[in-house]
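Colleague: Structure file coords.tsv (TSV, N, CA, C and O atoms) is given on the next line.
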chain	number	residue	atom	x	y	z
A	636	SER	N	93.80	45.08	80.99
A	636	SER	CA	95.06	45.81	81.08
A	636	SER	C	95.66	45.95	79.69
A	636	SER	O	95.33	45.21	78.78
A	637	ARG	N	96.57	46.86	79.53
A	637	ARG	CA	97.17	47.16	78.23
A	637	ARG	C	98.53	46.48	78.10
A	637	ARG	O	99.55	47.14	78.01
A	638	VAL	N	98.53	45.16	78.12
A	638	VAL	CA	99.77	44.40	78.05
A	638	VAL	C	99.68	43.42	76.89
A	638	VAL	O	98.65	42.75	76.71
A	639	ALA	N	100.73	43.33	76.11
A	639	ALA	CA	100.78	42.34	75.04
A	639	ALA	C	100.98	40.95	75.65
A	639	ALA	O	101.56	40.81	76.72
A	640	SER	N	100.49	39.93	74.97
A	640	SER	CA	100.66	38.54	75.41
A	640	SER	C	101.47	37.81	74.34
A	640	SER	O	101.08	37.80	73.17
A	641	ILE	N	102.59	37.23	74.76
A	641	ILE	CA	103.49	36.53	73.84
A	641	ILE	C	103.51	35.05	74.21
A	641	ILE	O	103.80	34.70	75.34
A	642	GLY	N	103.19	34.19	73.24
A	642	GLY	CA	103.14	32.76	73.48
A	642	GLY	C	104.52	32.13	73.61
A	642	GLY	O	105.55	32.78	73.42
A	643	HIS	N	104.53	30.85	73.90
A	643	HIS	CA	105.76	30.07	74.00
A	643	HIS	C	106.26	29.71	72.59
A	643	HIS	O	105.49	29.71	71.64
A	644	ASP	N	107.55	29.35	72.49
A	644	ASP	CA	108.16	28.93	71.22
A	644	ASP	C	107.97	30.01	70.16
A	644	ASP	O	107.75	29.72	68.99
A	645	THR	N	108.05	31.28	70.57
A	645	THR	CA	107.79	32.41	69.70
A	645	THR	C	109.10	33.16	69.45
A	645	THR	O	109.88	33.35	70.36
A	646	TRP	N	109.31	33.58	68.23
A	646	TRP	CA	110.50	34.34	67.86
A	646	TRP	C	110.06	35.75	67.51
A	646	TRP	O	109.14	35.94	66.72
A	647	ILE	N	110.77	36.74	68.05
A	647	ILE	CA	110.49	38.13	67.72
A	647	ILE	C	111.79	38.76	67.25
A	647	ILE	O	112.77	38.81	67.99
A	648	GLY	N	111.80	39.23	66.01
A	648	GLY	CA	112.99	39.77	65.39
A	648	GLY	C	113.38	41.12	65.97
A	648	GLY	O	112.58	41.83	66.59
A	649	ALA	N	114.63	41.50	65.72
A	649	ALA	CA	115.19	42.76	66.22
A	649	ALA	C	114.36	43.95	65.75
A	649	ALA	O	113.96	44.01	64.59
A	650	GLY	N	114.09	44.85	66.66
A	650	GLY	CA	113.39	46.07	66.32
A	650	GLY	C	111.90	45.93	66.08
A	650	GLY	O	111.24	46.90	65.74
A	651	ALA	N	111.37	44.73	66.25
A	651	ALA	CA	109.92	44.55	66.08
A	651	ALA	C	109.19	45.19	67.26
A	651	ALA	O	109.73	45.27	68.36
A	652	MET	N	107.98	45.65	67.01
A	652	MET	CA	107.15	46.23	68.07
A	652	MET	C	105.80	45.52	68.07
A	652	MET	O	105.21	45.30	67.01
A	653	VAL	N	105.34	45.18	69.28
A	653	VAL	CA	104.04	44.55	69.47
A	653	VAL	C	103.20	45.52	70.28
A	653	VAL	O	103.56	45.88	71.40
A	654	LYS	N	102.10	45.96	69.70
A	654	LYS	CA	101.24	46.94	70.36
A	654	LYS	C	100.57	46.33	71.60
A	654	LYS	O	100.39	45.11	71.69
A	655	PRO	N	100.20	47.18	72.57
A	655	PRO	CA	99.50	46.69	73.76
A	655	PRO	C	98.21	45.96	73.38
A	655	PRO	O	97.58	46.29	72.37
A	656	GLU	N	97.85	45.00	74.21
A	656	GLU	CA	96.63	44.20	74.08
A	656	GLU	C	96.63	43.25	72.88
A	656	GLU	O	95.63	42.63	72.58
A	657	VAL	N	97.76	43.12	72.19
A	657	VAL	CA	97.88	42.18	71.08
A	657	VAL	C	98.39	40.85	71.63
A	657	VAL	O	99.25	40.82	72.51
A	658	THR	N	97.87	39.75	71.10
A	658	THR	CA	98.33	38.41	71.46
A	658	THR	C	99.11	37.83	70.28
A	658	THR	O	98.61	37.80	69.16
A	659	VAL	N	100.34	37.39	70.57
A	659	VAL	CA	101.16	36.68	69.60
A	659	VAL	C	101.12	35.22	70.03
A	659	VAL	O	101.62	34.86	71.09
A	660	GLY	N	100.49	34.39	69.22
A	660	GLY	CA	100.25	32.99	69.60
A	660	GLY	C	101.51	32.16	69.70
A	660	GLY	O	102.58	32.53	69.19
A	661	HIS	N	101.37	31.00	70.36
A	661	HIS	CA	102.47	30.05	70.50
A	661	HIS	C	103.07	29.77	69.12
A	661	HIS	O	102.36	29.59	68.13
A	662	GLY	N	104.41	29.73	69.08
A	662	GLY	CA	105.11	29.32	67.87
A	662	GLY	C	105.15	30.34	66.75
A	662	GLY	O	105.69	30.06	65.69
A	663	ALA	N	104.60	31.52	66.96
A	663	ALA	CA	104.59	32.53	65.91
A	663	ALA	C	106.00	33.10	65.71
A	663	ALA	O	106.85	33.02	66.60
A	664	VAL	N	106.21	33.69	64.55
A	664	VAL	CA	107.46	34.37	64.24
A	664	VAL	C	107.10	35.78	63.78
A	664	VAL	O	106.30	35.95	62.85
A	665	VAL	N	107.69	36.78	64.44
A	665	VAL	CA	107.51	38.17	64.07
A	665	VAL	C	108.83	38.64	63.45
A	665	VAL	O	109.87	38.61	64.10
A	666	ALA	N	108.78	39.07	62.20
A	666	ALA	CA	109.99	39.47	61.48
A	666	ALA	C	110.61	40.72	62.09
A	666	ALA	O	109.92	41.54	62.71
A	667	ALA	N	111.89	40.87	61.88
A	667	ALA	CA	112.61	42.06	62.34
A	667	ALA	C	111.93	43.31	61.78
A	667	ALA	O	111.55	43.35	60.61
A	668	GLY	N	111.76	44.31	62.63
A	668	GLY	CA	111.20	45.58	62.21
A	668	GLY	C	109.69	45.60	62.04
A	668	GLY	O	109.13	46.64	61.69
A	669	ALA	N	109.03	44.49	62.27
A	669	ALA	CA	107.57	44.44	62.09
A	669	ALA	C	106.86	45.27	63.16
A	669	ALA	O	107.37	45.44	64.27
A	670	LEU	N	105.69	45.76	62.82
A	670	LEU	CA	104.82	46.45	63.76
A	670	LEU	C	103.53	45.64	63.86
A	670	LEU	O	102.72	45.62	62.93
A	671	VAL	N	103.37	44.93	64.99
A	671	VAL	CA	102.24	44.02	65.17
A	671	VAL	C	101.10	44.79	65.84
A	671	VAL	O	101.21	45.20	66.99
A	672	THR	N	100.03	44.99	65.08
A	672	THR	CA	98.88	45.75	65.56
A	672	THR	C	97.65	44.89	65.78
A	672	THR	O	96.67	45.35	66.35
A	673	LYS	N	97.69	43.63	65.30
A	673	LYS	CA	96.57	42.70	65.44
A	673	LYS	C	97.10	41.37	65.94
A	673	LYS	O	98.27	41.04	65.73
A	674	ASP	N	96.22	40.58	66.57
A	674	ASP	CA	96.60	39.27	67.08
A	674	ASP	C	97.24	38.43	65.97
A	674	ASP	O	96.83	38.51	64.80
A	675	VAL	N	98.21	37.61	66.36
A	675	VAL	CA	98.91	36.71	65.44
A	675	VAL	C	98.53	35.28	65.83
A	675	VAL	O	98.70	34.88	66.98
A	676	GLU	N	98.03	34.53	64.87
A	676	GLU	CA	97.64	33.14	65.12
A	676	GLU	C	98.87	32.28	65.45
A	676	GLU	O	99.98	32.60	64.99
A	677	PRO	N	98.67	31.20	66.20
A	677	PRO	CA	99.80	30.31	66.51
A	677	PRO	C	100.50	29.82	65.24
A	677	PRO	O	99.87	29.59	64.22
A	678	TYR	N	101.81	29.68	65.36
A	678	TYR	CA	102.67	29.13	64.31
A	678	TYR	C	102.47	29.83	62.96
A	678	TYR	O	102.52	29.20	61.91
A	679	THR	N	102.29	31.15	63.02
A	679	THR	CA	102.16	31.98	61.82
A	679	THR	C	103.34	32.96	61.78
A	679	THR	O	103.74	33.50	62.80
A	680	ILE	N	103.88	33.18	60.59
A	680	ILE	CA	104.98	34.13	60.39
A	680	ILE	C	104.38	35.43	59.86
A	680	ILE	O	103.64	35.42	58.87
A	681	VAL	N	104.70	36.54	60.55
A	681	VAL	CA	104.20	37.84	60.14
A	681	VAL	C	105.36	38.79	59.88
A	681	VAL	O	106.43	38.66	60.49
A	682	ALA	N	105.14	39.75	58.99
A	682	ALA	CA	106.16	40.76	58.67
A	682	ALA	C	105.47	42.01	58.16
A	682	ALA	O	104.32	41.96	57.72
A	683	GLY	N	106.18	43.13	58.25
A	683	GLY	CA	105.69	44.38	57.68
A	683	GLY	C	105.21	45.37	58.71
A	683	GLY	O	105.19	45.11	59.90
A	684	THR	N	104.82	46.56	58.18
A	684	THR	CA	104.28	47.62	59.03
A	684	THR	C	103.03	48.17	58.37
A	684	THR	O	103.15	48.92	57.41
A	685	PRO	N	101.86	47.76	58.81
A	685	PRO	CA	101.62	46.84	59.92
A	685	PRO	C	101.90	45.39	59.50
A	685	PRO	O	101.88	45.07	58.31
A	686	ALA	N	102.15	44.55	60.49
A	686	ALA	CA	102.48	43.14	60.23
A	686	ALA	C	101.29	42.42	59.59
A	686	ALA	O	100.14	42.59	60.02
A	687	LYS	N	101.60	41.63	58.59
A	687	LYS	CA	100.61	40.80	57.90
A	687	LYS	C	101.13	39.37	57.85
A	687	LYS	O	102.34	39.16	57.76
A	688	PRO	N	100.23	38.38	57.87
A	688	PRO	CA	100.69	36.99	57.76
A	688	PRO	C	101.39	36.74	56.42
A	688	PRO	O	100.90	37.16	55.37
A	689	MET	N	102.55	36.09	56.49
A	689	MET	CA	103.31	35.74	55.29
A	689	MET	C	103.06	34.27	54.92
A	689	MET	O	102.87	33.95	53.76
A	690	ARG	N	103.15	33.43	55.94
A	690	ARG	CA	102.90	31.99	55.74
A	690	ARG	C	102.83	31.33	57.10
A	690	ARG	O	103.11	31.95	58.12
A	691	LEU	N	102.49	30.04	57.10
A	691	LEU	CA	102.48	29.26	58.34
A	691	LEU	C	103.87	28.73	58.60
A	691	LEU	O	104.56	28.30	57.68
A	692	ARG	N	104.27	28.74	59.86
A	692	ARG	CA	105.54	28.12	60.26
A	692	ARG	C	105.39	26.61	60.28
A	692	ARG	O	106.33	25.87	59.95
A	693	GLN	N	104.23	26.15	60.69
A	693	GLN	CA	103.89	24.72	60.68
A	693	GLN	C	102.45	24.59	60.18
A	693	GLN	O	101.62	25.47	60.43
A	694	PRO	N	102.12	23.49	59.50
A	694	PRO	CA	100.71	23.27	59.15
A	694	PRO	C	99.84	23.24	60.41
A	694	PRO	O	100.32	22.88	61.49
A	695	LYS	N	98.58	23.61	60.28
A	695	LYS	CA	97.70	23.73	61.44
A	695	LYS	C	97.64	22.44	62.27
A	695	LYS	O	97.67	22.51	63.50
A	696	ASP	N	97.58	21.28	61.64
A	696	ASP	CA	97.51	20.03	62.41
A	696	ASP	C	98.77	19.81	63.25
A	696	ASP	O	98.69	19.40	64.40
A	697	ILE	N	99.93	20.13	62.69
A	697	ILE	CA	101.19	20.00	63.43
A	697	ILE	C	101.23	21.05	64.54
A	697	ILE	O	101.62	20.76	65.68
A	698	ALA	N	100.83	22.28	64.23
A	698	ALA	CA	100.81	23.35	65.24
A	698	ALA	C	99.91	22.97	66.41
A	698	ALA	O	100.30	23.13	67.58
A	699	ASP	N	98.75	22.44	66.13
A	699	ASP	CA	97.82	22.03	67.20
A	699	ASP	C	98.45	20.95	68.06
A	699	ASP	O	98.31	20.96	69.29
A	700	ARG	N	99.15	20.01	67.44
A	700	ARG	CA	99.80	18.93	68.20
A	700	ARG	C	100.95	19.47	69.04
A	700	ARG	O	101.14	19.04	70.18
A	701	LEU	N	101.73	20.42	68.51
A	701	LEU	CA	102.82	21.01	69.29
A	701	LEU	C	102.27	21.77	70.50
A	701	LEU	O	102.82	21.68	71.60
A	702	ILE	N	101.18	22.49	70.31
A	702	ILE	CA	100.56	23.21	71.41
A	702	ILE	C	100.06	22.23	72.47
A	702	ILE	O	100.27	22.43	73.67
A	703	ALA	N	99.44	21.14	72.05
A	703	ALA	CA	98.97	20.13	73.00
A	703	ALA	C	100.13	19.47	73.74
A	703	ALA	O	100.02	19.17	74.93
A	704	LEU	N	101.25	19.25	73.05
A	704	LEU	CA	102.43	18.65	73.68
A	704	LEU	C	103.02	19.57	74.75
A	704	LEU	O	103.51	19.11	75.77
A	705	ALA	N	102.96	20.89	74.50
A	705	ALA	CA	103.43	21.92	75.45
A	705	ALA	C	104.81	21.58	76.01
A	705	ALA	O	105.05	21.66	77.21
A	706	TRP	N	105.76	21.31	75.11
A	706	TRP	CA	107.11	20.94	75.56
A	706	TRP	C	107.72	22.06	76.40
A	706	TRP	O	108.59	21.79	77.23
A	707	TRP	N	107.30	23.27	76.26
A	707	TRP	CA	107.85	24.39	77.04
A	707	TRP	C	107.52	24.27	78.53
A	707	TRP	O	108.13	24.96	79.33
A	708	ASP	N	106.60	23.41	78.89
A	708	ASP	CA	106.29	23.15	80.30
A	708	ASP	C	107.07	21.96	80.86
A	708	ASP	O	106.93	21.64	82.04
A	709	TRP	N	107.87	21.30	80.03
A	709	TRP	CA	108.67	20.17	80.50
A	709	TRP	C	109.71	20.66	81.49
A	709	TRP	O	110.14	21.81	81.47
A	710	SER	N	110.18	19.74	82.32
A	710	SER	CA	111.26	20.06	83.25
A	710	SER	C	112.55	20.29	82.47
A	710	SER	O	112.70	19.83	81.32
A	711	HIS	N	113.49	20.98	83.07
A	711	HIS	CA	114.79	21.21	82.43
A	711	HIS	C	115.46	19.89	82.10
A	711	HIS	O	116.08	19.76	81.03
A	712	ASP	N	115.33	18.91	82.98
A	712	ASP	CA	115.95	17.60	82.73
A	712	ASP	C	115.34	16.93	81.51
A	712	ASP	O	116.05	16.34	80.69
A	713	ASP	N	114.00	17.01	81.37
A	713	ASP	CA	113.34	16.39	80.21
A	713	ASP	C	113.73	17.11	78.91
A	713	ASP	O	113.96	16.46	77.89
A	714	ILE	N	113.82	18.42	78.96
A	714	ILE	CA	114.24	19.17	77.76
A	714	ILE	C	115.68	18.82	77.41
A	714	ILE	O	116.00	18.59	76.25
A	715	ARG	N	116.55	18.77	78.41
A	715	ARG	CA	117.95	18.43	78.17
A	715	ARG	C	118.05	17.03	77.55
A	715	ARG	O	118.82	16.82	76.60
A	716	ALA	N	117.24	16.09	78.03
A	716	ALA	CA	117.28	14.72	77.51
A	716	ALA	C	116.79	14.66	76.06
A	716	ALA	O	117.24	13.82	75.29
A	717	ALA	N	115.91	15.57	75.68
A	717	ALA	CA	115.36	15.57	74.32
A	717	ALA	C	116.08	16.55	73.39
A	717	ALA	O	115.70	16.68	72.22
A	718	LEU	N	117.12	17.21	73.87
A	718	LEU	CA	117.76	18.28	73.12
A	718	LEU	C	118.25	17.83	71.75
A	718	LEU	O	118.05	18.54	70.75
A	719	HIS	N	118.86	16.67	71.67
A	719	HIS	CA	119.32	16.18	70.37
A	719	HIS	C	118.15	16.05	69.40
A	719	HIS	O	118.26	16.45	68.23
A	720	ASP	N	117.03	15.53	69.88
A	720	ASP	CA	115.86	15.37	69.02
A	720	ASP	C	115.28	16.73	68.61
A	720	ASP	O	114.86	16.90	67.47
A	721	PHE	N	115.26	17.69	69.53
A	721	PHE	CA	114.81	19.05	69.19
A	721	PHE	C	115.61	19.57	67.99
A	721	PHE	O	115.07	20.20	67.09
A	722	ARG	N	116.91	19.35	68.03
A	722	ARG	CA	117.81	19.91	67.02
A	722	ARG	C	117.82	19.12	65.71
A	722	ARG	O	118.13	19.68	64.67
A	723	SER	N	117.52	17.85	65.76
A	723	SER	CA	117.74	17.01	64.58
A	723	SER	C	116.47	16.48	63.91
A	723	SER	O	116.51	16.13	62.73
A	724	MET	N	115.36	16.43	64.62
A	724	MET	CA	114.14	15.84	64.06
A	724	MET	C	113.21	16.89	63.49
A	724	MET	O	113.11	17.99	64.02
A	725	LYS	N	112.51	16.53	62.42
A	725	LYS	CA	111.44	17.39	61.93
A	725	LYS	C	110.29	17.33	62.95
A	725	LYS	O	110.18	16.38	63.73
A	726	ALA	N	109.45	18.34	62.94
A	726	ALA	CA	108.39	18.48	63.95
A	726	ALA	C	107.50	17.23	64.02
A	726	ALA	O	107.19	16.76	65.11
A	727	GLU	N	107.09	16.70	62.88
A	727	GLU	CA	106.18	15.55	62.90
A	727	GLU	C	106.84	14.32	63.54
A	727	GLU	O	106.21	13.62	64.34
A	728	ALA	N	108.10	14.07	63.23
A	728	ALA	CA	108.81	12.94	63.83
A	728	ALA	C	108.97	13.16	65.34
A	728	ALA	O	108.82	12.22	66.13
A	729	PHE	N	109.29	14.39	65.73
A	729	PHE	CA	109.42	14.71	67.15
A	729	PHE	C	108.10	14.43	67.88
A	729	PHE	O	108.08	13.82	68.94
A	730	LEU	N	107.00	14.88	67.28
A	730	LEU	CA	105.69	14.64	67.89
A	730	LEU	C	105.40	13.15	68.02
A	730	LEU	O	104.93	12.69	69.06
A	731	GLU	N	105.67	12.40	66.97
A	731	GLU	CA	105.40	10.96	67.01
A	731	GLU	C	106.19	10.29	68.13
A	731	GLU	O	105.70	9.37	68.78
A	732	LYS	N	107.40	10.77	68.40
A	732	LYS	CA	108.22	10.17	69.45
A	732	LYS	C	107.74	10.58	70.85
A	732	LYS	O	107.78	9.75	71.77
A	733	TYR	N	107.30	11.83	71.02
A	733	TYR	CA	107.05	12.35	72.36
A	733	TYR	C	105.58	12.50	72.77
A	733	TYR	O	105.29	12.74	73.94
A	734	GLU	N	104.66	12.35	71.83
A	734	GLU	CA	103.25	12.42	72.23
A	734	GLU	C	102.91	11.20	73.08
A	734	GLU	O	103.37	10.10	72.81
A	735	ALA	N	102.07	11.44	74.08
A	735	ALA	CA	101.71	10.34	74.99
A	735	ALA	C	100.78	9.34	74.35
A	735	ALA	O	100.07	9.62	73.46
Could you write out this structure as structure tokens?
Modeller:
Amino acid sequence: SRVASIGHDTWIGAGAMVKPEVTVGHGAVVAAGALVTKDVEPYTIVAGTPAKPMRLRQPKDIADRLIALAWWDWSHDDIRAALHDFRSMKAEAFLEKYEA
């Protein structure tokens, strides 16, 4: 089917367009006004027309751990209980606290 796939923990800026059949991986950031014509790797920041990778949002090892943690599948109660940590901890410290 001709549907774009957008991962969890993903930010898409105002006016950005994602072409059909493109996958934007978990944790990716698409800059405002970008035109995404190719798949975007997880936790990668893209910008431009066409969108090109600018940098990683998280190092690959941290990104892989965040994907494995899949906090977006947590219950609302669990997310609410961890909200302070989401807002105040760096990703690596958050992972160390919440990984099983």
Colleague: Kindly give the distance, in Å, that separates CA of Gly650 in chain A and CA of Gly668 in chain A, rounded to a single decimal.
Modeller: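 Atom-to-atom, CA of Gly650 in chain A to CA of Gly668 in chain A, that is 4.7 Å.
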Colleague: Rank nothing, just name the residue among A:Ile714, A:Met652, A:Met724, A:Leu730 nearest to Ala667 in chain A, using all atoms listed in the file.
Modeller: A:Met652
Colleague: Which residues, written as number ranges by chain, have at least one atom at most 12 Å from Tyr678 in chain A, with only C-alpha atoms counted and residues fewer than 3 positions away on the same chain left out?
Modeller: A: 642-646, 659-665, 675, 681, 688-702
Colleague: Work out how far CA of Val671 in chain A is from atom N of Thr684 in chain A, in Å to one decimal.
Modeller: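 A separation of 7.9 Å between them.
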Colleague: For the helix (DSSP H, G or I) assignment from backbone DSSP, which residues of chain A qualify? Please present them as a PyMOL selection string.
Modeller: chain A and resi 695-704+706-708+711-723+726-733
Colleague: Using N, CA, C and O atoms, can you write the selected residues to a file as a short mmCIF file (atom, residue, chain, number, x, y, z; two decimals), keeping the file's coordinate frame?
Modeller:
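The result, stored in out.cif:
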data_model
loop_
_atom_site.label_atom_id
_atom_site.label_comp_id
_atom_site.auth_asym_id
_atom_site.auth_seq_id
_atom_site.Cartn_x
_atom_site.Cartn_y
_atom_site.Cartn_z
N LYS A 695 98.58 23.61 60.28
CA LYS A 695 97.70 23.73 61.44
C LYS A 695 97.64 22.44 62.27
O LYS A 695 97.67 22.51 63.50
N ASP A 696 97.58 21.28 61.64
CA ASP A 696 97.51 20.03 62.41
C ASP A 696 98.77 19.81 63.25
O ASP A 696 98.69 19.40 64.40
N ILE A 697 99.93 20.13 62.69
CA ILE A 697 101.19 20.00 63.43
C ILE A 697 101.23 21.05 64.54
O ILE A 697 101.62 20.76 65.68
N ALA A 698 100.83 22.28 64.23
CA ALA A 698 100.81 23.35 65.24
C ALA A 698 99.91 22.97 66.41
O ALA A 698 100.30 23.13 67.58
N ASP A 699 98.75 22.44 66.13
CA ASP A 699 97.82 22.03 67.20
C ASP A 699 98.45 20.95 68.06
O ASP A 699 98.31 20.96 69.29
N ARG A 700 99.15 20.01 67.44
CA ARG A 700 99.80 18.93 68.20
C ARG A 700 100.95 19.47 69.04
O ARG A 700 101.14 19.04 70.18
N LEU A 701 101.73 20.42 68.51
CA LEU A 701 102.82 21.01 69.29
C LEU A 701 102.27 21.77 70.50
O LEU A 701 102.82 21.68 71.60
N ILE A 702 101.18 22.49 70.31
CA ILE A 702 100.56 23.21 71.41
C ILE A 702 100.06 22.23 72.47
O ILE A 702 100.27 22.43 73.67
N ALA A 703 99.44 21.14 72.05
CA ALA A 703 98.97 20.13 73.00
C ALA A 703 100.13 19.47 73.74
O ALA A 703 100.02 19.17 74.93
N LEU A 704 101.25 19.25 73.05
CA LEU A 704 102.43 18.65 73.68
C LEU A 704 103.02 19.57 74.75
O LEU A 704 103.51 19.11 75.77
N TRP A 706 105.76 21.31 75.11
CA TRP A 706 107.11 20.94 75.56
C TRP A 706 107.72 22.06 76.40
O TRP A 706 108.59 21.79 77.23
N TRP A 707 107.30 23.27 76.26
CA TRP A 707 107.85 24.39 77.04
C TRP A 707 107.52 24.27 78.53
O TRP A 707 108.13 24.96 79.33
N ASP A 708 106.60 23.41 78.89
CA ASP A 708 106.29 23.15 80.30
C ASP A 708 107.07 21.96 80.86
O ASP A 708 106.93 21.64 82.04
N HIS A 711 113.49 20.98 83.07
CA HIS A 711 114.79 21.21 82.43
C HIS A 711 115.46 19.89 82.10
O HIS A 711 116.08 19.76 81.03
N ASP A 712 115.33 18.91 82.98
CA ASP A 712 115.95 17.60 82.73
C ASP A 712 115.34 16.93 81.51
O ASP A 712 116.05 16.34 80.69
N ASP A 713 114.00 17.01 81.37
CA ASP A 713 113.34 16.39 80.21
C ASP A 713 113.73 17.11 78.91
O ASP A 713 113.96 16.46 77.89
N ILE A 714 113.82 18.42 78.96
CA ILE A 714 114.24 19.17 77.76
C ILE A 714 115.68 18.82 77.41
O ILE A 714 116.00 18.59 76.25
N ARG A 715 116.55 18.77 78.41
CA ARG A 715 117.95 18.43 78.17
C ARG A 715 118.05 17.03 77.55
O ARG A 715 118.82 16.82 76.60
N ALA A 716 117.24 16.09 78.03
CA ALA A 716 117.28 14.72 77.51
C ALA A 716 116.79 14.66 76.06
O ALA A 716 117.24 13.82 75.29
N ALA A 717 115.91 15.57 75.68
CA ALA A 717 115.36 15.57 74.32
C ALA A 717 116.08 16.55 73.39
O ALA A 717 115.70 16.68 72.22
N LEU A 718 117.12 17.21 73.87
CA LEU A 718 117.76 18.28 73.12
C LEU A 718 118.25 17.83 71.75
O LEU A 718 118.05 18.54 70.75
N HIS A 719 118.86 16.67 71.67
CA HIS A 719 119.32 16.18 70.37
C HIS A 719 118.15 16.05 69.40
O HIS A 719 118.26 16.45 68.23
N ASP A 720 117.03 15.53 69.88
CA ASP A 720 115.86 15.37 69.02
C ASP A 720 115.28 16.73 68.61
O ASP A 720 114.86 16.90 67.47
N PHE A 721 115.26 17.69 69.53
CA PHE A 721 114.81 19.05 69.19
C PHE A 721 115.61 19.57 67.99
O PHE A 721 115.07 20.20 67.09
N ARG A 722 116.91 19.35 68.03
CA ARG A 722 117.81 19.91 67.02
C ARG A 722 117.82 19.12 65.71
O ARG A 722 118.13 19.68 64.67
N SER A 723 117.52 17.85 65.76
CA SER A 723 117.74 17.01 64.58
C SER A 723 116.47 16.48 63.91
O SER A 723 116.51 16.13 62.73
N ALA A 726 109.45 18.34 62.94
CA ALA A 726 108.39 18.48 63.95
C ALA A 726 107.50 17.23 64.02
O ALA A 726 107.19 16.76 65.11
N GLU A 727 107.09 16.70 62.88
CA GLU A 727 106.18 15.55 62.90
C GLU A 727 106.84 14.32 63.54
O GLU A 727 106.21 13.62 64.34
N ALA A 728 108.10 14.07 63.23
CA ALA A 728 108.81 12.94 63.83
C ALA A 728 108.97 13.16 65.34
O ALA A 728 108.82 12.22 66.13
N PHE A 729 109.29 14.39 65.73
CA PHE A 729 109.42 14.71 67.15
C PHE A 729 108.10 14.43 67.88
O PHE A 729 108.08 13.82 68.94
N LEU A 730 107.00 14.88 67.28
CA LEU A 730 105.69 14.64 67.89
C LEU A 730 105.40 13.15 68.02
O LEU A 730 104.93 12.69 69.06
N GLU A 731 105.67 12.40 66.97
CA GLU A 731 105.40 10.96 67.01
C GLU A 731 106.19 10.29 68.13
O GLU A 731 105.70 9.37 68.78
N LYS A 732 107.40 10.77 68.40
CA LYS A 732 108.22 10.17 69.45
C LYS A 732 107.74 10.58 70.85
O LYS A 732 107.78 9.75 71.77
N TYR A 733 107.30 11.83 71.02
CA TYR A 733 107.05 12.35 72.36
C TYR A 733 105.58 12.50 72.77
O TYR A 733 105.29 12.74 73.94
#
